There are 4 protein chains.
Amino acid sequence: MSIAVIYGGTRPHGNTETLTKHATQGVEVEEIYLNNHNILPIIDMRHDVEGVQNRNDDYNAIIERVLQHDTLIFATPIYWYSMSGTMKNFIDRWSHSIRDNNFPDFKADMSNKKAYVIAVGGDNPSIKGLPMIEQFKYIFEFMGLEFKGYVIGKGNQPGDIHADKVALFQAEALREELRVK
Amino acid sequence: MSIAVIYGGTRPHGNTETLTKHATQGVEVEEIYLNNHNILPIIDMRHDVEGVQNRNDDYNAIIERVLQHDTLIFATPIYWYSMSGTMKNFIDRWSHSIRDNNFPDFKADMSNKKAYVIAVGGDNPSIKGLPMIEQFKYIFEFMGLEFKGYVIGKGNQPGDIHADKVALFQAEALREELRVK
Amino acid sequence: MSIAVIYGGTRPHGNTETLTKHATQGVEVEEIYLNNHNILPIIDMRHDVEGVQNRNDDYNAIIERVLQHDTLIFATPIYWYSMSGTMKNFIDRWSHSIRDNNFPDFKADMSNKKAYVIAVGGDNPSIKGLPMIEQFKYIFEFMGLEFKGYVIGKGNQPGDIHADKVALFQAEALREELRVK
Amino acid sequence: MSIAVIYGGTRPHGNTETLTKHATQGVEVEEIYLNNHNILPIIDMRHDVEGVQNRNDDYNAIIERVLQHDTLIFATPIYWYSMSGTMKNFIDRWSHSIRDNNFPDFKADMSNKKAYVIAVGGDNPSIKGLPMIEQFKYIFEFMGLEFKGYVIGKGNQPGDIHADKVALFQAEALREELRVK
């Protein structure tokens with residue numbers, strides 16, 4: 001198993017990162033911090049003759065790194081009851097890759113992977129974060145990715161996640177899963 | 001009633017815009033195309049001493065225009081079962097405004113407004129778009145905005161929306177609501 | 001096309017029935033009012049040697065009527081943000097039929113049908129009724145039924161539904177769909 | 001703290017009951033097995049002159065027991081992606097109690113309580129059980145009950161729940177919560 005962790009957060013050492021590192025402790029992973037890269041919003045040119053627009057940013061380099069791995073962990077803080085805009089822009093761009101001649105097998109390649117979601121929110125995330133989980137489910141279904149599981153933690157102030165014993169336990173259970181395979 | 005339409009789409013004359021203009025035909029609205037402006041992702045500095053970070057982009061100018069109105073229409077294509085990343089980055093930035101001394105009454109001002117959502121998607125949007133509607137509900141609840149209604153249309157190819165008779169009818173019903181008030 | 005309407009309401013001439021009759025006006029349908037029949041809750045004996053328990057009520061007779069049709073309309077008031085307990089007990093019993101030697105092809109037979117949902121609720125049903133729609137989606141997916149569409153109306157007092165112009169229009173659009181096929 | 005556990009299952013010693021007893025081990029609780037009582041579906045007479053209809057079943061006796069406690073645990077198997085029909089009929093009847101002169105303070109009494117949900121399902125319950133959790137949230141919000149938390153376990157065959165380490169851990173965390181208060 002080869003694992004990429006895709007971080008959507010914008011604060012170093014935030015609760016989401018802490019929980020994710022708890023889950024991946026001792027496990028070899030490639031970490032991708034979207035926030036450290038320039039990823040522009042998609043420009044929807046699907047229906048134009050010129051087709052996909054190359055945006056000359058870091059997106060293609062990142063998606064190439066993602067494609068090297070067979071297991072993807074999407075780690076995002078819950079901002080406004082959903083994934084961060086940074087993470088959303090990254091996923092929106094998949095619509096480019098699907099149509100990009102430079103990635104002729106993009107969808108097929110993605111469909112062989114497994115996916116996990118780790119997310120931390122402050123406002124009743126175990127309930128109000130559920131629509132986001134359903135969206136990830138639809139996203140993974142569309143791409144053929146297998147949705148293997150998710151962990152939702154609760155936290156607002158830095159370090160709060162350490163008090164969420166259930167989320168930490170779930171992260172440890174996930175860690176065992178990542179190690180075995 | 002004074003109405004702002006906030007467009008989150010990235011394709012001119014897309015289905016979402018067409019449906020929204022159908023709803024606002026003959027109604028005075030201020031149109032804000034987020035795509036035409038530079039709105040950077042939030043940098044979460046909530047917990048740092050320096051507090052809110054000014055990102056020197058167009059966000060503040062836009063939020064000032066939004067605050068002039070008492071009714072907000074969020075018009076977004078459904079990308080990957082959710083609002084566009086462009087729209088999401090705009091909303092993520094509200095976390096700045098809430099803490100920004102330049103907008104001391106931001107939350108109170110927003111809480112006096114009414115909100116509508118208009119969204120068009122291609123993949124079974126009347127079902128797979130529902131988590132997004134729930135997220136808008138949570139967003140509006142948090143801000144105190146009254147969620148007055150939504151229209152979900154179906155469309156993929158340009159112009160598809162003209163075939164969605166129910167969405168067009170709903171847009172017309174919304175138009176009457178916007179006119180009366 | 002041969003259509004069965006399965007009513008889960010408990011009040012004669014309620015808003016759900018009114019809306020459903022608006023949708024099926026002039027269309028030949030077989031109407032099944034669950035409330036007029038004795039349908040007991042499932043007793044889960046899946047894992048026992050004796051297997052399925054015959055409950056000696058009206059359930060089997062009703063499911064036989066349902067199986068005659070290729071299109072099913074589930075018409076239920078929204079009680080407590082979900083289908084009525086009467087409707088739920090009916091669907092729970094499908095777990096019997098799936099294992100009942102008297103219905104050896106139950107799941108295969110159901111998987112050839114199309115399904116619609118018509119529901120009316122009083123408390124913000126276009127949003128708070130959405131989890132119920134998602135549950136119907138999962139139910140239909142499990143059985144292989146094609147989920148063709150739904151109409152959610154708003155009403156509390158008798159007759160309220162006449163004021164929901166959008167729901168009435170959707171019912172009319174559904175009527176055309178039912179007629180054509 | 002005085003706790004009632006309301007069981008909606010129909011199979012003795014089922015996975016839901018096992019998980020719930022794991023959560024309440026060593027804690028004094030009153031257990032109510034709805035399946036052992038006769039609870040008829042609601043007959044919606046809200047709008048009739050005669051008002052609430054007494055159904056001469058066991059419902060009133062049970063709701064009186066429920067009202068004695070300040071903490072309620074709703075323990076239901078997930079049947080068809082929702083609570084059991086048995087549990088649903090019980091909750092549907094609350095619409096009677098709200099209007100029943102014999103329970104003049106029903107809603108106020110309920111609004112002082114705290115609620116938990118424990119549910120076990122076989123088909124991807126941590127995702128497909130989420131609409132049910134949202135429905136409980138709406139139900140509790142309407143009644144003013146505080147939704148303190150939930151545990152979703154995975155299980156199909158008898159005893160399966162013992163393999164769901166995360167659910168067992170969550171049950172233990174819940175047990176500590178129940179003990180402290």
# chains A, B, ... in the order shown; residues from 1 in each chain; ligands from 1
$ residues_around --residues "stretch 138-154 of chain D" --least-positions-apart "6" --cutoff "7 Å" --atoms "only C-alpha atoms" --output "PDB file with N, CA, C and O atoms, in the first residue's frame"
ATOM      1  N   TRP C  80     -42.937  13.553  11.636  1.00  0.00           N
ATOM      2  CA  TRP C  80     -41.675  13.595  12.363  1.00  0.00           C
ATOM      3  C   TRP C  80     -40.491  13.425  11.404  1.00  0.00           C
ATOM      4  O   TRP C  80     -39.584  12.645  11.630  1.00  0.00           O
TER       5      TRP C  80
ATOM      6  N   LYS D 107     -44.887  18.605  25.956  1.00  0.00           N
ATOM      7  CA  LYS D 107     -43.743  19.154  25.229  1.00  0.00           C
ATOM      8  C   LYS D 107     -42.753  19.820  26.189  1.00  0.00           C
ATOM      9  O   LYS D 107     -41.542  19.654  26.058  1.00  0.00           O
ATOM     10  N   MET D 110     -40.788  17.124  27.984  1.00  0.00           N
ATOM     11  CA  MET D 110     -39.793  16.496  27.111  1.00  0.00           C
ATOM     12  C   MET D 110     -38.606  17.430  26.880  1.00  0.00           C
ATOM     13  O   MET D 110     -37.467  16.980  26.738  1.00  0.00           O
ATOM     14  N   SER D 111     -38.867  18.721  26.837  1.00  0.00           N
ATOM     15  CA  SER D 111     -37.815  19.674  26.477  1.00  0.00           C
ATOM     16  C   SER D 111     -36.755  19.796  27.562  1.00  0.00           C
ATOM     17  O   SER D 111     -35.731  20.435  27.356  1.00  0.00           O
ATOM     18  N   ASN D 112     -37.009  19.197  28.716  1.00  0.00           N
ATOM     19  CA  ASN D 112     -36.001  19.240  29.781  1.00  0.00           C
ATOM     20  C   ASN D 112     -35.077  18.042  29.758  1.00  0.00           C
ATOM     21  O   ASN D 112     -34.220  17.905  30.626  1.00  0.00           O
ATOM     22  N   LYS D 113     -35.258  17.171  28.789  1.00  0.00           N
ATOM     23  CA  LYS D 113     -34.508  15.918  28.793  1.00  0.00           C
ATOM     24  C   LYS D 113     -33.326  15.971  27.814  1.00  0.00           C
ATOM     25  O   LYS D 113     -33.260  16.833  26.952  1.00  0.00           O
ATOM     26  N   LYS D 114     -32.455  15.018  28.013  1.00  0.00           N
ATOM     27  CA  LYS D 114     -31.334  14.823  27.097  1.00  0.00           C
ATOM     28  C   LYS D 114     -31.567  13.522  26.342  1.00  0.00           C
ATOM     29  O   LYS D 114     -32.180  12.594  26.878  1.00  0.00           O
ATOM     30  N   ALA D 115     -31.060  13.452  25.120  1.00  0.00           N
ATOM     31  CA  ALA D 115     -31.318  12.254  24.317  1.00  0.00           C
ATOM     32  C   ALA D 115     -30.043  11.735  23.667  1.00  0.00           C
ATOM     33  O   ALA D 115     -29.162  12.509  23.272  1.00  0.00           O
ATOM     34  N   TYR D 116     -29.966  10.420  23.582  1.00  0.00           N
ATOM     35  CA  TYR D 116     -28.911   9.723  22.843  1.00  0.00           C
ATOM     36  C   TYR D 116     -29.565   8.750  21.863  1.00  0.00           C
ATOM     37  O   TYR D 116     -30.677   8.288  22.107  1.00  0.00           O
ATOM     38  N   VAL D 117     -28.846   8.423  20.809  1.00  0.00           N
ATOM     39  CA  VAL D 117     -29.307   7.406  19.872  1.00  0.00           C
ATOM     40  C   VAL D 117     -28.225   6.336  19.751  1.00  0.00           C
ATOM     41  O   VAL D 117     -27.040   6.664  19.621  1.00  0.00           O
ATOM     42  N   ILE D 118     -28.634   5.092  19.832  1.00  0.00           N
ATOM     43  CA  ILE D 118     -27.734   3.969  19.551  1.00  0.00           C
ATOM     44  C   ILE D 118     -28.397   3.128  18.467  1.00  0.00           C
ATOM     45  O   ILE D 118     -29.565   2.754  18.600  1.00  0.00           O
ATOM     46  N   ALA D 119     -27.662   2.877  17.398  1.00  0.00           N
ATOM     47  CA  ALA D 119     -28.271   2.185  16.267  1.00  0.00           C
ATOM     48  C   ALA D 119     -27.240   1.280  15.609  1.00  0.00           C
ATOM     49  O   ALA D 119     -26.066   1.629  15.519  1.00  0.00           O
ATOM     50  N   VAL D 120     -27.693   0.125  15.153  1.00  0.00           N
ATOM     51  CA  VAL D 120     -26.804  -0.801  14.453  1.00  0.00           C
ATOM     52  C   VAL D 120     -27.449  -1.196  13.125  1.00  0.00           C
ATOM     53  O   VAL D 120     -28.643  -1.493  13.072  1.00  0.00           O
ATOM     54  N   GLY D 121     -26.648  -1.155  12.087  1.00  0.00           N
ATOM     55  CA  GLY D 121     -27.157  -1.523  10.768  1.00  0.00           C
ATOM     56  C   GLY D 121     -26.137  -2.358  10.019  1.00  0.00           C
ATOM     57  O   GLY D 121     -24.961  -2.412  10.399  1.00  0.00           O
ATOM     58  N   GLY D 122     -26.574  -2.970   8.955  1.00  0.00           N
ATOM     59  CA  GLY D 122     -25.708  -3.891   8.237  1.00  0.00           C
ATOM     60  C   GLY D 122     -25.123  -3.339   6.957  1.00  0.00           C
ATOM     61  O   GLY D 122     -24.066  -3.766   6.503  1.00  0.00           O
ATOM     62  N   PRO D 125     -23.587   1.434   7.627  1.00  0.00           N
ATOM     63  CA  PRO D 125     -24.419   2.305   8.475  1.00  0.00           C
ATOM     64  C   PRO D 125     -23.775   3.637   8.806  1.00  0.00           C
ATOM     65  O   PRO D 125     -24.493   4.617   9.031  1.00  0.00           O
ATOM     66  N   SER D 126     -22.426   3.707   8.820  1.00  0.00           N
ATOM     67  CA  SER D 126     -21.817   4.984   9.201  1.00  0.00           C
ATOM     68  C   SER D 126     -22.061   6.049   8.139  1.00  0.00           C
ATOM     69  O   SER D 126     -21.913   7.233   8.402  1.00  0.00           O
ATOM     70  N   ILE D 161     -21.650  -7.289  16.223  1.00  0.00           N
ATOM     71  CA  ILE D 161     -21.269  -6.017  16.835  1.00  0.00           C
ATOM     72  C   ILE D 161     -19.991  -6.142  17.658  1.00  0.00           C
ATOM     73  O   ILE D 161     -19.253  -5.163  17.823  1.00  0.00           O
ATOM     74  N   ASP D 164     -17.011  -4.677  16.006  1.00  0.00           N
ATOM     75  CA  ASP D 164     -16.940  -3.240  15.693  1.00  0.00           C
ATOM     76  C   ASP D 164     -16.289  -2.521  16.863  1.00  0.00           C
ATOM     77  O   ASP D 164     -16.947  -1.984  17.755  1.00  0.00           O
ATOM     78  N   ALA D 167     -17.308   1.168  17.577  1.00  0.00           N
ATOM     79  CA  ALA D 167     -18.621   1.330  18.216  1.00  0.00           C
ATOM     80  C   ALA D 167     -18.568   0.935  19.687  1.00  0.00           C
ATOM     81  O   ALA D 167     -19.160   1.604  20.550  1.00  0.00           O
ATOM     82  N   GLN D 170     -16.939   3.708  21.534  1.00  0.00           N
ATOM     83  CA  GLN D 170     -17.878   4.832  21.680  1.00  0.00           C
ATOM     84  C   GLN D 170     -18.914   4.525  22.758  1.00  0.00           C
ATOM     85  O   GLN D 170     -19.309   5.403  23.517  1.00  0.00           O
ATOM     86  N   ALA D 171     -19.354   3.277  22.805  1.00  0.00           N
ATOM     87  CA  ALA D 171     -20.317   2.887  23.839  1.00  0.00           C
ATOM     88  C   ALA D 171     -19.710   3.047  25.226  1.00  0.00           C
ATOM     89  O   ALA D 171     -20.369   3.498  26.171  1.00  0.00           O
TER      90      ALA D 171
END
$ residues_around --residues "stretch 34-48 of chain A" --least-positions-apart "5" --cutoff "9 Å" --atoms "only C-alpha atoms" --output "PyMOL selection string"
(chain A and resi 6-11+53+55-59+62+86-90+92-96+99) or (chain B and resi 9-11+35+41+43+84-86+157-158)
$ interface_residues --of "chain D" --to "chain A" --cutoff "9 Å" --atoms "only C-alpha atoms" --output "number ranges by chain"
D: 126-128, 130-131, 133-134, 137, 149-150, 165-166, 169-170, 173
$ closest_residue --among "C:Ile91, C:Ser97, C:Glu17, C:Ser2" --to "C:Ala75" --atoms "only C-alpha atoms"
C:Glu17
$ select_by_dssp --residues "stretch 22-180 of chain B" --states "alpha helix (DSSP H)" --output "VMD selection string"
chain B and resid 22 to 24 59 to 67 85 to 92 94 to 99 106 to 110 125 to 128 130 to 143 165 to 180
$ select_by_dssp --residues "stretch 18-129 of chain D" --states "strand (DSSP E or B)" --output "list in words"
Val29, Glu30, Glu31, Ile32, Tyr33, Thr71, Leu72, Ile73, Phe74, Ala75, Thr76, Pro77, Tyr79, Ser82, Lys114, Ala115, Tyr116, Val117, Ile118, Ala119, Val120 and Gly121 of chain D
$ atom_distance --atom1 "atom CA of A:Gly155" --atom2 "atom CA of A:Arg179"
26.3 Å
$ atom_distance --atom1 "atom CA of B:Thr71" --atom2 "atom CA of B:His162"
25.7 Å
$ closest_residue --among "B:Leu168, B:Ser82, B:Asn101, B:Gln68" --to "B:Met132" --atoms "only C-alpha atoms"
B:Ser82
$ residues_around --residues "C:Lys21" --least-positions-apart "4" --cutoff "10 Å" --atoms "only C-alpha atoms" --output "NGL selection string"
:C and (5 or 13 or 15-17 or 25-27 or 29 or 75 or 171 or 175)
$ atom_distance --atom1 "atom CA of D:Val66" --atom2 "atom CA of D:Asp100"
15.9 Å
